[in-house]
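The next block is structure-v8.pdb, given as PDB, C-alpha atoms.
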```pdb
ATOM      1  CA  MET P 305     -60.660 -50.994-150.056
ATOM      2  CA  GLY P 306     -64.327 -49.939-150.280
ATOM      3  CA  VAL P 307     -67.360 -52.110-149.685
ATOM      4  CA  VAL P 308     -68.266 -52.067-153.384
ATOM      5  CA  ARG P 309     -64.915 -53.525-154.393
ATOM      6  CA  GLY P 310     -65.037 -55.916-151.474
ATOM      7  CA  LEU P 311     -68.372 -57.275-152.635
ATOM      8  CA  VAL P 312     -67.019 -57.679-156.154
ATOM      9  CA  VAL P 313     -64.192 -59.697-154.614
ATOM     10  CA  PHE P 314     -66.837 -61.824-152.908
ATOM     11  CA  ALA P 315     -68.556 -62.527-156.219
ATOM     12  CA  LEU P 316     -65.296 -63.391-157.959
ATOM     13  CA  LEU P 317     -64.289 -65.674-155.126
ATOM     14  CA  PHE P 318     -67.597 -67.460-155.064
ATOM     15  CA  SER P 319     -67.451 -68.136-158.778
ATOM     16  CA  ILE P 320     -63.950 -69.588-158.420
ATOM     17  CA  ALA P 321     -63.911 -71.286-155.033
ATOM     18  CA  ALA P 322     -67.526 -72.418-154.835
ATOM     19  CA  GLY P 323     -68.368 -72.910-158.472
ATOM     20  CA  LEU P 324     -65.235 -73.870-160.360
ATOM     21  CA  ALA P 325     -63.643 -75.590-157.353
ATOM     22  CA  ALA P 326     -66.591 -77.949-157.240
ATOM     23  CA  CYS P 327     -65.143 -79.842-160.191
ATOM     24  CA  GLY P 328     -62.388 -81.123-157.920
ATOM     25  CA  GLY P 329     -62.744 -80.007-154.325
ATOM     26  CA  GLY P 330     -66.423 -80.822-154.069
ATOM     27  CA  GLY P 331     -66.046 -84.513-154.611
ATOM     28  CA  GLY P 332     -65.149 -84.983-158.290
ATOM     29  CA  GLY P 333     -68.146 -86.973-159.422
ATOM     30  CA  GLY P 334     -70.121 -87.272-156.223
ATOM     31  CA  LYS P 335     -69.489 -89.001-152.915
ATOM     32  CA  THR P 336     -72.968 -90.496-152.747
ATOM     33  CA  THR P 337     -74.655 -92.786-155.243
ATOM     34  CA  ASP P 338     -78.174 -91.606-154.388
ATOM     35  CA  ILE P 339     -78.469 -87.817-154.221
ATOM     36  CA  SER P 340     -82.173 -88.072-153.350
ATOM     37  CA  ALA P 341     -81.274 -89.736-150.034
ATOM     38  CA  ALA P 342     -78.209 -87.590-149.298
ATOM     39  CA  SER P 343     -77.955 -85.020-146.535
ATOM     40  CA  PRO P 344     -77.687 -81.312-147.465
ATOM     41  CA  GLN P 345     -73.951 -81.387-146.734
ATOM     42  CA  GLU P 346     -73.488 -84.517-148.852
ATOM     43  CA  VAL P 347     -75.330 -82.858-151.744
ATOM     44  CA  ALA P 348     -73.067 -79.803-151.454
ATOM     45  CA  GLU P 349     -69.946 -81.966-151.210
ATOM     46  CA  SER P 350     -71.018 -83.947-154.279
ATOM     47  CA  ALA P 351     -71.208 -80.792-156.421
ATOM     48  CA  ASN P 352     -68.834 -81.077-159.376
ATOM     49  CA  PHE P 353     -68.280 -80.471-163.079
ATOM     50  CA  ALA P 354     -66.464 -83.767-163.635
ATOM     51  CA  GLY P 355     -67.277 -85.405-166.949
ATOM     52  CA  VAL P 356     -68.781 -82.285-168.551
ATOM     53  CA  HIS P 357     -67.448 -82.108-172.114
ATOM     54  CA  THR P 358     -70.161 -80.036-173.787
ATOM     55  CA  ALA P 359     -72.588 -77.554-172.258
ATOM     56  CA  GLU P 360     -74.400 -74.261-172.547
ATOM     57  CA  ILE P 361     -73.100 -71.934-169.843
ATOM     58  CA  GLU P 362     -74.510 -68.672-168.529
ATOM     59  CA  ILE P 363     -72.683 -66.490-165.988
ATOM     60  CA  GLU P 364     -74.213 -63.282-164.647
ATOM     61  CA  LEU P 365     -72.992 -60.709-162.166
ATOM     62  CA  GLU P 366     -75.112 -57.741-161.084
ATOM     63  CA  ILE P 367     -73.934 -55.003-158.729
ATOM     64  CA  ASP P 368     -76.441 -52.493-157.315
ATOM     65  CA  ARG P 369     -75.433 -49.502-155.260
ATOM     66  CA  TYR P 370     -78.413 -47.693-153.794
ATOM     67  CA  LYS P 371     -77.017 -44.154-153.753
ATOM     68  CA  ARG P 372     -79.399 -41.392-152.766
ATOM     69  CA  HIS P 373     -80.772 -39.653-155.889
ATOM     70  CA  GLU P 374     -78.249 -41.541-158.065
ATOM     71  CA  PRO P 375     -78.537 -45.334-157.818
ATOM     72  CA  GLU P 376     -75.992 -47.402-159.732
ATOM     73  CA  GLU P 377     -76.570 -50.769-161.371
ATOM     74  CA  ILE P 378     -74.192 -52.682-163.591
ATOM     75  CA  ASN P 379     -74.949 -55.997-165.240
ATOM     76  CA  MET P 380     -72.282 -58.328-166.620
ATOM     77  CA  ARG P 381     -73.118 -61.464-168.581
ATOM     78  CA  ILE P 382     -71.300 -64.241-170.433
ATOM     79  CA  LEU P 383     -73.476 -66.668-172.358
ATOM     80  CA  GLY P 384     -72.612 -69.414-174.818
ATOM     81  CA  THR P 385     -71.628 -72.961-175.634
ATOM     82  CA  VAL P 386     -68.392 -74.820-175.011
ATOM     83  CA  VAL P 387     -67.393 -78.123-176.679
ATOM     84  CA  GLY P 388     -64.496 -80.458-175.913
ATOM     85  CA  LEU P 389     -63.779 -79.672-172.250
ATOM     86  CA  GLY P 390     -61.343 -82.119-170.719
ATOM     87  CA  GLU P 391     -60.426 -83.607-174.099
ATOM     88  CA  ASP P 392     -57.251 -83.453-176.151
ATOM     89  CA  GLY P 393     -56.561 -80.045-177.604
ATOM     90  CA  LEU P 394     -58.248 -76.753-176.819
ATOM     91  CA  PRO P 395     -61.998 -76.633-176.183
ATOM     92  CA  LYS P 396     -64.112 -74.926-178.844
ATOM     93  CA  PHE P 397     -66.637 -72.278-177.885
ATOM     94  CA  ASP P 398     -69.099 -69.616-178.980
ATOM     95  CA  PHE P 399     -69.637 -66.928-176.334
ATOM     96  CA  ALA P 400     -71.391 -63.577-176.156
ATOM     97  CA  ILE P 401     -70.087 -61.086-173.595
ATOM     98  CA  GLU P 402     -71.928 -57.971-172.480
ATOM     99  CA  SER P 403     -71.812 -55.385-169.725
ATOM    100  CA  ASN P 404     -73.815 -52.229-169.161
ATOM    101  CA  GLY P 405     -74.626 -49.645-166.522
ATOM    102  CA  PRO P 406     -72.869 -46.995-164.417
ATOM    103  CA  LEU P 407     -70.088 -48.164-162.099
ATOM    104  CA  SER P 408     -67.994 -45.892-159.862
ATOM    105  CA  GLY P 409     -68.722 -42.849-162.003
ATOM    106  CA  ARG P 410     -68.123 -44.601-165.346
ATOM    107  CA  ASP P 411     -70.752 -45.561-167.897
ATOM    108  CA  VAL P 412     -69.989 -49.090-169.033
ATOM    109  CA  GLU P 413     -71.483 -50.264-172.310
ATOM    110  CA  PHE P 414     -70.002 -53.267-174.051
ATOM    111  CA  GLY P 415     -71.343 -56.026-176.253
ATOM    112  CA  GLY P 416     -69.279 -58.521-178.186
ATOM    113  CA  GLY P 417     -68.532 -62.147-178.753
ATOM    114  CA  LEU P 418     -65.927 -64.734-179.626
ATOM    115  CA  LEU P 419     -66.269 -67.894-181.713
ATOM    116  CA  TYR P 420     -63.513 -70.503-181.894
ATOM    117  CA  LYS P 421     -63.996 -73.731-183.863
ATOM    118  CA  GLY P 422     -60.424 -74.898-184.215
ATOM    119  CA  GLU P 423     -60.102 -74.237-187.927
ATOM    120  CA  TYR P 424     -60.995 -70.579-187.485
ATOM    121  CA  ALA P 425     -61.961 -67.923-184.972
ATOM    122  CA  VAL P 426     -64.147 -64.831-185.259
ATOM    123  CA  ALA P 427     -64.398 -61.911-182.834
ATOM    124  CA  ASN P 428     -67.289 -59.461-182.621
ATOM    125  CA  PHE P 429     -66.501 -56.047-181.178
ATOM    126  CA  GLU P 430     -68.606 -52.885-181.336
ATOM    127  CA  LYS P 431     -70.969 -54.438-183.915
ATOM    128  CA  GLN P 432     -68.129 -55.369-186.259
ATOM    129  CA  THR P 433     -66.698 -58.850-186.909
ATOM    130  CA  TYR P 434     -63.009 -59.653-187.291
ATOM    131  CA  GLU P 435     -61.206 -62.827-188.361
ATOM    132  CA  PRO P 436     -57.493 -63.525-187.771
ATOM    133  CA  SER P 437     -55.354 -64.990-190.529
ATOM    134  CA  GLN P 438     -54.872 -68.756-190.583
ATOM    135  CA  ASP P 439     -51.148 -68.423-189.853
ATOM    136  CA  LEU P 440     -51.773 -66.202-186.818
ATOM    137  CA  LEU P 441     -54.508 -68.489-185.513
ATOM    138  CA  GLU P 442     -52.360 -71.621-185.846
ATOM    139  CA  GLY P 443     -49.516 -69.909-183.990
ATOM    140  CA  ILE P 444     -51.808 -68.870-181.131
ATOM    141  CA  GLU P 445     -53.275 -72.388-180.912
ATOM    142  CA  SER P 446     -49.811 -73.912-180.690
ATOM    143  CA  GLU P 447     -48.758 -71.572-177.880
ATOM    144  CA  PHE P 448     -51.963 -72.213-175.923
ATOM    145  CA  GLU P 449     -51.606 -75.970-176.227
ATOM    146  CA  GLU P 450     -48.044 -75.860-174.937
ATOM    147  CA  ALA P 451     -49.214 -73.852-171.912
ATOM    148  CA  GLN P 452     -51.803 -76.427-170.794
ATOM    149  CA  GLN P 453     -49.728 -77.971-168.048
ATOM    150  CA  ALA P 454     -49.797 -77.755-164.266
ATOM    151  CA  GLY P 455     -48.091 -74.694-162.847
ATOM    152  CA  ASP P 456     -48.192 -72.671-166.080
ATOM    153  CA  GLU P 457     -49.902 -69.280-166.082
ATOM    154  CA  GLY P 458     -51.346 -70.178-169.475
ATOM    155  CA  ASN P 459     -53.144 -73.247-168.115
ATOM    156  CA  VAL P 460     -56.841 -72.360-168.298
ATOM    157  CA  MET P 461     -57.540 -74.729-165.371
ATOM    158  CA  ALA P 462     -54.925 -73.226-163.037
ATOM    159  CA  CYS P 463     -57.422 -71.629-160.648
ATOM    160  CA  VAL P 464     -59.677 -74.683-160.706
ATOM    161  CA  GLU P 465     -56.728 -76.857-159.724
ATOM    162  CA  ALA P 466     -55.644 -74.384-157.029
ATOM    163  CA  ALA P 467     -59.145 -74.349-155.519
ATOM    164  CA  GLN P 468     -59.605 -78.104-155.343
ATOM    165  CA  GLY P 469     -58.972 -78.206-151.608
ATOM    166  CA  ILE P 470     -61.816 -75.808-150.747
ATOM    167  CA  PRO P 471     -65.062 -77.760-150.219
ATOM    168  CA  LEU P 472     -68.276 -75.814-150.703
ATOM    169  CA  SER P 473     -69.663 -76.915-147.333
ATOM    170  CA  GLN P 474     -66.884 -74.987-145.548
ATOM    171  CA  LEU P 475     -67.958 -71.759-147.261
ATOM    172  CA  VAL P 476     -71.693 -72.093-146.610
ATOM    173  CA  HIS P 477     -73.395 -72.401-143.229
ATOM    174  CA  GLY P 478     -76.825 -73.724-142.315
ATOM    175  CA  LEU P 479     -77.192 -75.970-145.343
ATOM    176  CA  LYS P 480     -80.701 -77.308-145.859
ATOM    177  CA  LYS P 481     -82.371 -79.373-148.547
ATOM    178  CA  GLU P 482     -85.132 -77.769-150.594
ATOM    179  CA  GLY P 483     -86.295 -80.787-152.583
ATOM    180  CA  ARG P 484     -86.364 -82.045-156.153
ATOM    181  CA  THR P 485     -87.752 -80.393-159.296
ATOM    182  CA  GLU P 486     -87.123 -80.221-163.037
ATOM    183  CA  TYR P 487     -84.600 -77.771-164.393
ATOM    184  CA  PHE P 488     -85.121 -75.593-167.489
ATOM    185  CA  ASP P 489     -83.970 -78.352-169.836
ATOM    186  CA  GLY P 490     -86.093 -81.002-168.104
ATOM    187  CA  THR P 491     -83.261 -82.496-166.029
ATOM    188  CA  PRO P 492     -84.297 -83.553-162.486
ATOM    189  CA  VAL P 493     -82.284 -81.485-159.995
ATOM    190  CA  TYR P 494     -81.917 -81.359-156.214
ATOM    191  CA  TYR P 495     -81.702 -78.008-154.437
ATOM    192  CA  VAL P 496     -79.859 -77.071-151.259
ATOM    193  CA  SER P 497     -79.490 -73.608-149.761
ATOM    194  CA  GLY P 498     -77.564 -71.895-147.002
ATOM    195  CA  THR P 499     -75.798 -68.721-145.916
ATOM    196  CA  LEU P 500     -72.398 -67.733-147.270
ATOM    197  CA  ASN P 501     -69.557 -66.990-144.886
ATOM    198  CA  VAL P 502     -67.945 -64.015-146.634
ATOM    199  CA  PRO P 503     -64.747 -63.925-144.509
ATOM    200  CA  ASP P 504     -64.201 -67.623-145.266
ATOM    201  CA  LEU P 505     -64.754 -66.899-148.955
ATOM    202  CA  ILE P 506     -62.080 -64.221-148.911
ATOM    203  CA  ASP P 507     -59.733 -66.559-147.014
ATOM    204  CA  GLY P 508     -60.341 -69.102-149.766
ATOM    205  CA  LEU P 509     -59.339 -66.607-152.427
ATOM    206  CA  ILE P 510     -56.202 -65.725-150.469
ATOM    207  CA  GLN P 511     -55.453 -69.453-150.317
ATOM    208  CA  ILE P 512     -55.704 -70.016-154.070
ATOM    209  CA  GLU P 513     -53.608 -66.883-154.696
ATOM    210  CA  GLU P 514     -50.727 -68.829-153.156
ATOM    211  CA  ASP P 515     -50.618 -70.684-156.477
ATOM    212  CA  SER P 516     -48.507 -68.456-158.719
ATOM    213  CA  ALA P 517     -50.217 -69.498-161.958
ATOM    214  CA  CYS P 518     -53.692 -68.812-160.569
ATOM    215  CA  ALA P 519     -52.529 -65.587-158.902
ATOM    216  CA  ALA P 520     -51.319 -64.232-162.254
ATOM    217  CA  GLN P 521     -54.705 -64.927-163.821
ATOM    218  CA  LEU P 522     -56.669 -63.383-160.946
ATOM    219  CA  LYS P 523     -54.493 -60.280-161.110
ATOM    220  CA  ALA P 524     -55.225 -60.025-164.840
ATOM    221  CA  VAL P 525     -58.988 -59.791-164.250
ATOM    222  CA  GLY P 526     -58.557 -57.257-161.440
ATOM    223  CA  VAL P 527     -58.715 -59.357-158.266
ATOM    224  CA  PRO P 528     -56.727 -57.580-155.511
ATOM    225  CA  SER P 529     -53.593 -58.951-153.859
ATOM    226  CA  ALA P 530     -53.658 -61.008-150.653
ATOM    227  CA  THR P 531     -52.823 -57.899-148.622
ATOM    228  CA  GLU P 532     -55.717 -55.983-150.164
ATOM    229  CA  LEU P 533     -58.019 -58.955-149.625
ATOM    230  CA  GLU P 534     -57.193 -58.984-145.925
ATOM    231  CA  ALA P 535     -58.112 -55.287-145.825
ATOM    232  CA  ALA P 536     -61.349 -56.059-147.685
ATOM    233  CA  LYS P 537     -62.240 -58.724-145.128
ATOM    234  CA  ALA P 538     -61.757 -56.214-142.322
ATOM    235  CA  ALA P 539     -63.778 -53.565-144.185
ATOM    236  CA  LEU P 540     -66.653 -55.998-144.716
ATOM    237  CA  SER P 541     -66.728 -57.112-141.083
ATOM    238  CA  GLY P 542     -70.203 -56.516-139.701
ATOM    239  CA  LYS P 543     -71.376 -54.850-142.907
ATOM    240  CA  ILE P 544     -72.929 -57.885-144.656
ATOM    241  CA  LYS P 545     -76.639 -58.032-143.803
ATOM    242  CA  GLU P 546     -77.555 -61.057-145.895
ATOM    243  CA  ALA P 547     -75.653 -63.595-148.011
ATOM    244  CA  PRO P 548     -77.954 -66.407-149.191
ATOM    245  CA  MET P 549     -76.857 -69.155-151.590
ATOM    246  CA  GLN P 550     -78.796 -71.786-153.517
ATOM    247  CA  LEU P 551     -77.263 -74.741-155.359
ATOM    248  CA  ALA P 552     -78.885 -77.229-157.750
ATOM    249  CA  VAL P 553     -77.215 -80.493-158.803
ATOM    250  CA  ASP P 554     -78.428 -83.429-160.889
ATOM    251  CA  LYS P 555     -78.356 -87.082-159.806
ATOM    252  CA  HIS P 556     -74.658 -87.296-160.686
ATOM    253  CA  GLY P 557     -73.807 -84.262-158.558
ATOM    254  CA  LEU P 558     -73.171 -82.088-161.628
ATOM    255  CA  VAL P 559     -73.744 -78.403-160.896
ATOM    256  CA  ARG P 560     -76.687 -77.096-162.900
ATOM    257  CA  ASN P 561     -77.423 -73.835-161.093
ATOM    258  CA  LEU P 562     -75.630 -71.718-158.512
ATOM    259  CA  ASN P 563     -77.124 -68.476-157.148
ATOM    260  CA  ALA P 564     -75.362 -66.307-154.598
ATOM    261  CA  GLU P 565     -76.216 -62.878-153.204
ATOM    262  CA  ALA P 566     -74.726 -60.449-150.717
ATOM    263  CA  LEU P 567     -76.332 -57.321-149.290
ATOM    264  CA  GLY P 568     -74.119 -54.913-147.373
ATOM    265  CA  ILE P 569     -73.870 -51.348-146.094
ATOM    266  CA  ASN P 570     -70.992 -49.051-147.035
ATOM    267  CA  ALA P 571     -69.441 -46.251-144.975
ATOM    268  CA  LYS P 572     -71.985 -43.755-146.321
ATOM    269  CA  GLY P 573     -74.894 -45.877-145.189
ATOM    270  CA  GLU P 574     -75.751 -46.902-148.754
ATOM    271  CA  GLU P 575     -76.916 -50.417-149.484
ATOM    272  CA  VAL P 576     -74.778 -52.393-151.934
ATOM    273  CA  GLU P 577     -76.059 -55.660-153.382
ATOM    274  CA  VAL P 578     -74.207 -58.252-155.443
ATOM    275  CA  GLU P 579     -75.955 -61.112-157.245
ATOM    276  CA  PHE P 580     -74.052 -63.926-158.936
ATOM    277  CA  LEU P 581     -75.445 -66.714-161.123
ATOM    278  CA  ILE P 582     -73.947 -69.634-162.999
ATOM    279  CA  ARG P 583     -76.272 -71.873-165.022
ATOM    280  CA  VAL P 584     -75.298 -75.056-166.918
ATOM    281  CA  LEU P 585     -77.654 -76.543-169.543
ATOM    282  CA  LYS P 586     -77.644 -79.302-172.187
ATOM    283  CA  VAL P 587     -74.748 -81.176-170.622
ATOM    284  CA  ASN P 588     -73.009 -83.510-173.097
ATOM    285  CA  GLU P 589     -75.796 -83.185-175.653
ATOM    286  CA  PRO P 590     -74.835 -83.203-179.368
ATOM    287  CA  THR P 591     -73.956 -79.620-180.245
ATOM    288  CA  GLU P 592     -72.954 -77.787-183.403
ATOM    289  CA  LEU P 593     -71.322 -74.402-183.051
ATOM    290  CA  ALA P 594     -72.418 -71.601-185.329
ATOM    291  CA  THR P 595     -70.543 -70.704-188.495
ATOM    292  CA  ALA P 596     -69.430 -67.142-189.054
ATOM    293  CA  SER P 597     -66.738 -65.177-190.820
ATOM    294  CA  GLY P 598     -65.093 -61.838-190.320
ATOM    295  CA  SER P 599     -65.619 -58.829-192.524
ATOM    296  CA  ALA P 600     -62.949 -56.445-191.267
ATOM    297  CA  PRO P 601     -59.135 -56.697-191.007
ATOM    298  CA  PHE P 602     -58.099 -58.301-187.736
ATOM    299  CA  ALA P 603     -55.337 -55.719-187.396
ATOM    300  CA  HIS P 604     -58.004 -53.057-186.869
ATOM    301  CA  LEU P 605     -59.340 -54.912-183.828
ATOM    302  CA  LEU P 606     -55.868 -55.368-182.385
ATOM    303  CA  LYS P 607     -55.201 -51.658-182.763
ATOM    304  CA  LYS P 608     -58.369 -50.874-180.784
ATOM    305  CA  VAL P 609     -57.120 -52.908-177.854
ATOM    306  CA  GLY P 610     -53.541 -51.657-178.085
ATOM    307  CA  LEU P 611     -51.914 -54.638-179.807
ATOM    308  CA  ASP P 612     -50.430 -55.542-183.171
ATOM    309  CA  GLU P 613     -50.089 -58.829-185.027
ATOM    310  CA  ALA P 614     -46.312 -58.972-184.578
ATOM    311  CA  ALA P 615     -46.605 -58.741-180.780
ATOM    312  CA  LEU P 616     -49.432 -61.267-180.742
ATOM    313  CA  ALA P 617     -47.485 -63.726-182.870
ATOM    314  CA  GLN P 618     -44.470 -63.503-180.544
ATOM    315  CA  ALA P 619     -46.422 -63.918-177.281
ATOM    316  CA  ASN P 620     -46.235 -67.200-175.395
ATOM    317  CA  GLY P 621     -49.242 -69.125-174.097
ATOM    318  CA  ALA P 622     -49.159 -67.569-170.631
ATOM    319  CA  GLU P 623     -49.024 -64.045-172.058
ATOM    320  CA  LEU P 624     -51.869 -64.796-174.445
ATOM    321  CA  TRP P 625     -54.138 -66.237-171.758
ATOM    322  CA  THR P 626     -53.518 -63.620-169.068
ATOM    323  CA  GLY P 627     -53.790 -60.894-171.705
ATOM    324  CA  PHE P 628     -57.143 -62.297-172.797
ATOM    325  CA  LEU P 629     -58.391 -62.387-169.184
ATOM    326  CA  GLU P 630     -57.226 -58.818-168.618
ATOM    327  CA  GLY P 631     -59.059 -57.674-171.732
ATOM    328  CA  ILE P 632     -62.307 -59.360-170.643
ATOM    329  CA  GLY P 633     -62.016 -57.824-167.174
ATOM    330  CA  LYS P 634     -61.492 -54.356-168.588
ATOM    331  CA  LEU P 635     -64.391 -54.644-171.012
ATOM    332  CA  LEU P 636     -66.807 -55.884-168.356
ATOM    333  CA  THR P 637     -65.919 -53.235-165.777
ATOM    334  CA  GLY P 638     -65.097 -50.313-168.035
ATOM    335  CA  ARG P 639     -61.492 -50.122-166.830
ATOM    336  CA  GLU P 640     -60.287 -49.561-170.384
ATOM    337  CA  SER P 641     -61.997 -46.166-170.410
ATOM    338  CA  GLN P 642     -59.974 -44.807-167.495
TER     339      GLN P 642
END
```
What does the file become when written as structure tokens?
Amino acid sequence: MGVVRGLVVFALLFSIAAGLAACGGGGGGGKTTDISAASPQEVAESANFAGVHTAEIEIELEIDRYKRHEPEEINMRILGTVVGLGEDGLPKFDFAIESNGPLSGRDVEFGGGLLYKGEYAVANFEKQTYEPSQDLLEGIESEFEEAQQAGDEGNVMACVEAAQGIPLSQLVHGLKKEGRTEYFDGTPVYYVSGTLNVPDLIDGLIQIEEDSACAAQLKAVGVPSATELEAAKAALSGKIKEAPMQLAVDKHGLVRNLNAEALGINAKGEEVEVEFLIRVLKVNEPTELATASGSAPFAHLLKKVGLDEAALAQANGAELWTGFLEGIGKLLTGRESQ
């Protein structure tokens, strides 16, 4: 496995094991009552997403490969609002998804979005909007709801639950406190920073792949198997020059900002840099999702991604969720063009 893919693995792991795992493994609501007086390790251990029902979320991943005469840079971004997390029924959301730049000899260019409000859903793909029929949407909702149980591949929280035993402080060394400031939305936040231990991050991903439900979802988005991850860890040994991390939490320990970077050298002596960001704004503030409607037959969209309504209607919740994850992974990395 090459250094580029290994660094992508690092970014995926950090988003799962250090970001998402914080909602359980980091302390689930905070171990300290006064973050301002907490040690850097206590701040990191308090990091969580517990109690977040509504929020604006931004996730960015940038990969730069400094090839001589032909540098590569790909940017991936998911931005939007989610409502109803941790409540009965499926959460509602409005997300834009985009990816652009050359990656491993492929030109990736994608922009789209997905709106789900319960009573209807609208997808945007290649500057065209599509809306499924009410019968199809109700069938999909029913299958998803049935799959929201522990151990099911269709459980959207499967990887979060699998990562709950991986505390952030075990993945980051040299934690230090950087002080208090106001975040973009005016919320007081407390910053800590440190250096990522990339081998430990990969071990963490191998650990959560032991959960079959999570493993199926990771495979869908392109994360390698445990055997390949072990090879990636060996390939990355001694090749990571820098791996800084910065975390911001509010007084309740809720994660508001997470930045991670890794700079490495591949076998050709080229520098490869990965930057990962997750930002959480407007937590539990009153939010109204946008209203939109489709203008093209949904069957046309399904045909573009190699599906048909009959197959979609017959799929179970696990198949729907892992299929969705696979589609997002392909669109973001250009794998569908191979």
Exercise on stretch 532-548 of chain P, axis-aligned box with 6 Å per side, report centre and edge lengths in Å to one decimal, as lines of an AutoDock Vina configuration file:
```
center_x = -66.8
center_y = -60.0
center_z = -144.9
size_x = 34.2
size_y = 24.8
size_z = 22.5
```
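Picture a line from atom CA of P:Val496 to atom CA of P:Ile582; it runs 15.1 Å.
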Proximity to P:Ala359 - best of P:Gly458, P:Pro590, P:Pro471, P:Gly627, all atoms listed in the file: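 Nearest candidate to P:Ala359 out of P:Gly458, P:Pro590, P:Pro471, P:Gly627: P:Pro590.
Taken over the shown file, the PyMOL selection byres ((chain P and resi 576) around 10) identifies P:Val307, P:Val308, P:Leu311, P:Ile367, P:Asp368, P:Arg369, P:Tyr370, P:Lys371, P:Pro375, P:Glu376, P:Glu377, P:Lys543, P:Ile544, P:Ala566, P:Leu567, P:Gly568, P:Ile569, P:Asn570, P:Gly573, P:Glu574, P:Glu575, P:Glu577, P:Val578.
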Residue nearest P:Leu522 - candidates P:Thr433, P:Thr626, P:Asn379, P:Asn459, atoms counted: only C-alpha atoms: P:Thr626
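With the shown file loaded, the PyMOL selection byres ((chain P and resi 555) around 8) picks out P:Asp338, P:Ile339, P:Ser340, P:Pro492, P:Val493, P:Tyr494, P:Val553, P:Asp554, P:His556, P:Gly557, P:Leu558.
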Test item: the PyMOL selection byres ((chain P and resi 416-423) around 10) resolved as number ranges by chain: P: 382-387, 393-403, 414-415, 424-435, 438, 441-442, 445, 592-597, 635
Can I get the selected residues back with C-alpha atoms, as an mmCIF file, in the frame of the given file?
```cif
data_model
loop_
_atom_site.group_PDB
_atom_site.id
_atom_site.type_symbol
_atom_site.label_atom_id
_atom_site.label_comp_id
_atom_site.auth_asym_id
_atom_site.auth_seq_id
_atom_site.Cartn_x
_atom_site.Cartn_y
_atom_site.Cartn_z
ATOM 1 C CA ILE P 382 -71.300 -64.241 -170.433
ATOM 2 C CA LEU P 383 -73.476 -66.668 -172.358
ATOM 3 C CA GLY P 384 -72.612 -69.414 -174.818
ATOM 4 C CA THR P 385 -71.628 -72.961 -175.634
ATOM 5 C CA VAL P 386 -68.392 -74.820 -175.011
ATOM 6 C CA VAL P 387 -67.393 -78.123 -176.679
ATOM 7 C CA GLY P 393 -56.561 -80.045 -177.604
ATOM 8 C CA LEU P 394 -58.248 -76.753 -176.819
ATOM 9 C CA PRO P 395 -61.998 -76.633 -176.183
ATOM 10 C CA LYS P 396 -64.112 -74.926 -178.844
ATOM 11 C CA PHE P 397 -66.637 -72.278 -177.885
ATOM 12 C CA ASP P 398 -69.099 -69.616 -178.980
ATOM 13 C CA PHE P 399 -69.637 -66.928 -176.334
ATOM 14 C CA ALA P 400 -71.391 -63.577 -176.156
ATOM 15 C CA ILE P 401 -70.087 -61.086 -173.595
ATOM 16 C CA GLU P 402 -71.928 -57.971 -172.480
ATOM 17 C CA SER P 403 -71.812 -55.385 -169.725
ATOM 18 C CA PHE P 414 -70.002 -53.267 -174.051
ATOM 19 C CA GLY P 415 -71.343 -56.026 -176.253
ATOM 20 C CA TYR P 424 -60.995 -70.579 -187.485
ATOM 21 C CA ALA P 425 -61.961 -67.923 -184.972
ATOM 22 C CA VAL P 426 -64.147 -64.831 -185.259
ATOM 23 C CA ALA P 427 -64.398 -61.911 -182.834
ATOM 24 C CA ASN P 428 -67.289 -59.461 -182.621
ATOM 25 C CA PHE P 429 -66.501 -56.047 -181.178
ATOM 26 C CA GLU P 430 -68.606 -52.885 -181.336
ATOM 27 C CA LYS P 431 -70.969 -54.438 -183.915
ATOM 28 C CA GLN P 432 -68.129 -55.369 -186.259
ATOM 29 C CA THR P 433 -66.698 -58.850 -186.909
ATOM 30 C CA TYR P 434 -63.009 -59.653 -187.291
ATOM 31 C CA GLU P 435 -61.206 -62.827 -188.361
ATOM 32 C CA GLN P 438 -54.872 -68.756 -190.583
ATOM 33 C CA LEU P 441 -54.508 -68.489 -185.513
ATOM 34 C CA GLU P 442 -52.360 -71.621 -185.846
ATOM 35 C CA GLU P 445 -53.275 -72.388 -180.912
ATOM 36 C CA GLU P 592 -72.954 -77.787 -183.403
ATOM 37 C CA LEU P 593 -71.322 -74.402 -183.051
ATOM 38 C CA ALA P 594 -72.418 -71.601 -185.329
ATOM 39 C CA THR P 595 -70.543 -70.704 -188.495
ATOM 40 C CA ALA P 596 -69.430 -67.142 -189.054
ATOM 41 C CA SER P 597 -66.738 -65.177 -190.820
ATOM 42 C CA LEU P 635 -64.391 -54.644 -171.012
#
```
Nearest-residue call for P:Phe448, choices P:Leu389, P:Leu636, P:Ala517, P:Leu624, using all atoms listed in the file: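 Using all atoms listed in the file, the shortest distance to P:Phe448 belongs to P:Leu624.
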Spatial neighbours of P:Leu581, 8 Å, all atoms listed in the file, chain gap at least 6 places, as a list in words: Glu362, Ile363, Glu364, Leu365, Asn561, Leu562, Asn563 and Ala564 of chain P
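Between atom CA of P:Asp456 and atom CA of P:Ala520 the interatomic distance comes to 9.8 Å.
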Point-to-point distance in Å for atom CA of P:Gln468 and atom CA of P:Tyr487: 26.6 Å
Residue nearest P:Glu447 - candidates P:Ala348, P:Ile378, P:Ala530, P:Ala619, atoms counted: all atoms listed in the file: P:Ala619
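Nearest-residue note for P:Asn352: choosing from P:Arg560, P:Arg484, P:Lys586, P:Arg381, the minimum distance belongs to P:Arg560, counting all atoms listed in the file.
The residue that comes closest to P:Ala467, out of P:Gly633, P:Gly390, P:Gly508, P:Gly598 and on the basis of all atoms listed in the file, is P:Gly508.
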Can you write out as a Markdown table which residues of stretch 527-633 of chain P fall within 12 Å of stretch 452-455 of chain P, alongside each residue's closest atom pair and its distance in Å to one decimal, counting only C-alpha atoms and ordering rows by chain and ascending residue number?
```
| residue | atom | partner | partner_atom | distance |
| --- | --- | --- | --- | --- |
| P:Asn620 | CA | P:Gln452 | CA | 11.7 |
| P:Gly621 | CA | P:Gln452 | CA | 8.4 |
| P:Ala622 | CA | P:Gln452 | CA | 9.2 |
| P:Trp625 | CA | P:Gln452 | CA | 10.5 |
```
